[in-house]
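Peer 1: Please see the structure below; I have some questions.
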Amino acid sequence: MGRIQKNDNFIDKTFTIIADILLKLFPASKQEKQAFAYYRDGMSAQSEGEYAEALENYYEALQIEEDPYDRSYILYNVGLIYSNNGKYLKALEYYHQALELNPNLPQALNNIAVIYHYQGVKAVEAENVEIARTLFDKAGEYWRQAIRLAPNNYIEAQNWLKTTGRS
């Protein structure tokens, strides 16, 4: 905990400063503040590509954080890290856990769809058309849910759904 900000990114520095101010002023328990500090440090490490450090902080935050809404974002970020590292099954686990706690998380739905779509493309390349169709259908299902929650987002997905007849 108490990560030193190495990145010179203005947005990251601004987030850290605002987070530190909120952490001091926010009427929260010591436990809630500690969980938020781990989450903030995890986000900072993640933005710098320090995924192992980010995961450590997120796992610490998950040990402390009790609020389901806040836990959903921690789980979502863990899923992002696994997805970025090509561990798609593990990423899917965390995205689904996040959605169990917060079903209004369109970015998790979108990322699940992206993984299924990617796996569908790989199945096409392996000439496994039936599996590809199933994976594309699953991708479409999750994209439709994401679009229902955030109708102005995911334009490429909306176009894909239309052009493939899955809308």
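Residues are named by chain letter and number: chains run A, B, ... in the order of the structure tokens, numbers start at 1 in each chain, and ligands are numbered from 1 in the order shown.
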As an MDAnalysis selection string, please: the residues near range 60-65 of chain A (cut-off 6 Å, only C-alpha atoms, same-chain neighbours under 6 positions excluded).
Peer 2: chainID A and resid 35 38:39
Peer 1: What's around Asn110 in chain A at 12 Å? Count only C-alpha atoms, leave out sequence neighbours fewer than 5 positions away in its own chain, and write the answer as a PyMOL selection string.
Peer 2: chain A and resi 76+80+92+95-96+99+104-105+115-117+138-150+153-158
Peer 1: From the options A:Ser72, A:Asn77, A:Glu93, A:Gln34, which residue's atoms come nearest to Ala54 in chain A, counting only C-alpha atoms?
Peer 2: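 The answer is A:Asn77, which sits nearest to Ala54 in chain A.
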Peer 1: Mind checking which residues fall within 9 Å of Gly120 in chain A, counting only C-alpha atoms, ignoring those fewer than 3 positions away in the same chain, and posting them as a tab-separated table (two decimals) with all heavy atoms, in the first residue's frame?
Peer 2:
chain	number	residue	atom	x	y	z
A	115	ILE	N	-14.15	-11.38	-25.94
A	115	ILE	CA	-13.45	-12.65	-25.78
A	115	ILE	C	-14.13	-13.74	-26.61
A	115	ILE	O	-13.46	-14.49	-27.33
A	115	ILE	CB	-13.36	-13.05	-24.30
A	115	ILE	CG1	-12.41	-12.11	-23.56
A	115	ILE	CG2	-12.91	-14.51	-24.14
A	115	ILE	CD1	-12.41	-12.25	-22.04
A	116	TYR	N	-15.45	-13.82	-26.53
A	116	TYR	CA	-16.17	-14.83	-27.33
A	116	TYR	C	-15.98	-14.59	-28.82
A	116	TYR	O	-15.81	-15.53	-29.59
A	116	TYR	CB	-17.66	-14.87	-26.97
A	116	TYR	CG	-17.94	-15.56	-25.67
A	116	TYR	CD1	-18.84	-15.01	-24.75
A	116	TYR	CD2	-17.34	-16.77	-25.33
A	116	TYR	CE1	-19.12	-15.64	-23.55
A	116	TYR	CE2	-17.61	-17.40	-24.13
A	116	TYR	CZ	-18.49	-16.84	-23.25
A	116	TYR	OH	-18.76	-17.47	-22.07
A	117	HIS	N	-16.00	-13.33	-29.23
A	117	HIS	CA	-15.79	-13.02	-30.64
A	117	HIS	C	-14.39	-13.45	-31.08
A	117	HIS	O	-14.22	-14.06	-32.14
A	117	HIS	CB	-16.00	-11.53	-30.90
A	117	HIS	CG	-15.89	-11.16	-32.34
A	117	HIS	ND1	-14.70	-10.79	-32.92
A	117	HIS	CD2	-16.83	-11.14	-33.33
A	117	HIS	CE1	-14.90	-10.54	-34.19
A	117	HIS	NE2	-16.18	-10.75	-34.47
A	123	ALA	N	-11.77	-20.05	-34.03
A	123	ALA	CA	-12.45	-21.27	-34.46
A	123	ALA	C	-12.64	-21.27	-35.98
A	123	ALA	O	-12.49	-22.32	-36.62
A	123	ALA	CB	-13.79	-21.42	-33.74
A	124	VAL	N	-12.95	-20.11	-36.56
A	124	VAL	CA	-13.06	-20.01	-38.02
A	124	VAL	C	-11.73	-20.34	-38.66
A	124	VAL	O	-11.65	-21.10	-39.64
A	124	VAL	CB	-13.55	-18.60	-38.45
A	124	VAL	CG1	-13.35	-18.39	-39.94
A	124	VAL	CG2	-14.99	-18.39	-38.06
A	125	GLU	N	-10.65	-19.78	-38.11
A	125	GLU	CA	-9.31	-20.04	-38.65
A	125	GLU	C	-8.96	-21.52	-38.57
A	125	GLU	O	-8.23	-22.04	-39.42
A	125	GLU	CB	-8.27	-19.21	-37.90
A	125	GLU	CG	-8.37	-17.73	-38.19
A	125	GLU	CD	-7.48	-16.88	-37.30
A	125	GLU	OE1	-6.78	-17.42	-36.40
A	125	GLU	OE2	-7.50	-15.65	-37.48
A	128	ASN	N	-13.44	-24.67	-37.76
A	128	ASN	CA	-14.42	-25.29	-36.87
A	128	ASN	C	-15.65	-24.38	-36.86
A	128	ASN	O	-15.91	-23.65	-35.91
A	128	ASN	CB	-13.82	-25.44	-35.47
A	128	ASN	CG	-14.43	-26.58	-34.72
A	128	ASN	OD1	-15.60	-26.90	-34.94
A	128	ASN	ND2	-13.66	-27.16	-33.82
A	129	VAL	N	-16.42	-24.47	-37.95
A	129	VAL	CA	-17.50	-23.54	-38.22
A	129	VAL	C	-18.61	-23.60	-37.16
A	129	VAL	O	-19.14	-22.56	-36.75
A	129	VAL	CB	-18.08	-23.79	-39.63
A	129	VAL	CG1	-19.25	-22.86	-39.92
A	129	VAL	CG2	-16.99	-23.63	-40.67
A	131	ILE	N	-18.50	-24.48	-33.94
A	131	ILE	CA	-18.05	-23.86	-32.69
A	131	ILE	C	-17.97	-22.35	-32.87
A	131	ILE	O	-18.37	-21.59	-31.99
A	131	ILE	CB	-16.70	-24.45	-32.23
A	131	ILE	CG1	-16.93	-25.89	-31.74
A	131	ILE	CG2	-16.07	-23.61	-31.14
A	131	ILE	CD1	-15.68	-26.64	-31.36
A	132	ALA	N	-17.48	-21.92	-34.04
A	132	ALA	CA	-17.40	-20.49	-34.32
A	132	ALA	C	-18.79	-19.85	-34.26
A	132	ALA	O	-18.97	-18.80	-33.64
A	132	ALA	CB	-16.77	-20.25	-35.69
A	133	ARG	N	-19.77	-20.49	-34.85
A	133	ARG	CA	-21.14	-19.95	-34.85
A	133	ARG	C	-21.65	-19.81	-33.42
A	133	ARG	O	-22.24	-18.79	-33.05
A	133	ARG	CB	-22.06	-20.85	-35.67
A	133	ARG	CG	-23.48	-20.31	-35.75
A	133	ARG	CD	-24.39	-21.14	-36.65
A	133	ARG	NE	-23.93	-21.05	-38.03
A	133	ARG	CZ	-23.57	-22.11	-38.78
A	133	ARG	NH1	-23.62	-23.32	-38.29
A	133	ARG	NH2	-23.18	-21.94	-40.02
A	134	THR	N	-21.42	-20.83	-32.60
A	134	THR	CA	-21.85	-20.79	-31.20
A	134	THR	C	-21.17	-19.65	-30.45
A	134	THR	O	-21.82	-18.91	-29.70
A	134	THR	CB	-21.54	-22.14	-30.50
A	134	THR	OG1	-22.24	-23.17	-31.19
A	134	THR	CG2	-21.95	-22.12	-29.04
A	135	LEU	N	-19.87	-19.48	-30.66
A	135	LEU	CA	-19.12	-18.42	-29.99
A	135	LEU	C	-19.58	-17.04	-30.46
A	135	LEU	O	-19.73	-16.12	-29.65
A	135	LEU	CB	-17.62	-18.60	-30.20
A	135	LEU	CG	-17.02	-19.80	-29.47
A	135	LEU	CD1	-15.62	-20.12	-30.01
A	135	LEU	CD2	-16.96	-19.55	-27.97
A	136	PHE	N	-19.83	-16.90	-31.75
A	136	PHE	CA	-20.32	-15.62	-32.27
A	136	PHE	C	-21.71	-15.31	-31.72
A	136	PHE	O	-22.02	-14.16	-31.40
A	136	PHE	CB	-20.33	-15.61	-33.80
A	136	PHE	CG	-18.97	-15.53	-34.43
A	136	PHE	CD1	-18.69	-16.23	-35.59
A	136	PHE	CD2	-17.96	-14.75	-33.87
A	136	PHE	CE1	-17.44	-16.16	-36.19
A	136	PHE	CE2	-16.70	-14.66	-34.46
A	136	PHE	CZ	-16.44	-15.37	-35.62
A	139	ALA	N	-21.19	-14.05	-28.27
A	139	ALA	CA	-20.70	-12.68	-28.34
A	139	ALA	C	-21.86	-11.72	-28.60
A	139	ALA	O	-21.99	-10.69	-27.94
A	139	ALA	CB	-19.64	-12.54	-29.43
Peer 1: Check the DSSP output for the backbone and give back, as an MDAnalysis selection string, the residues of range 50-167 of chain A in alpha helix (DSSP H).
Peer 2: chainID A and resid 51:64 68:84 88:101 106:125 129:149 155:163
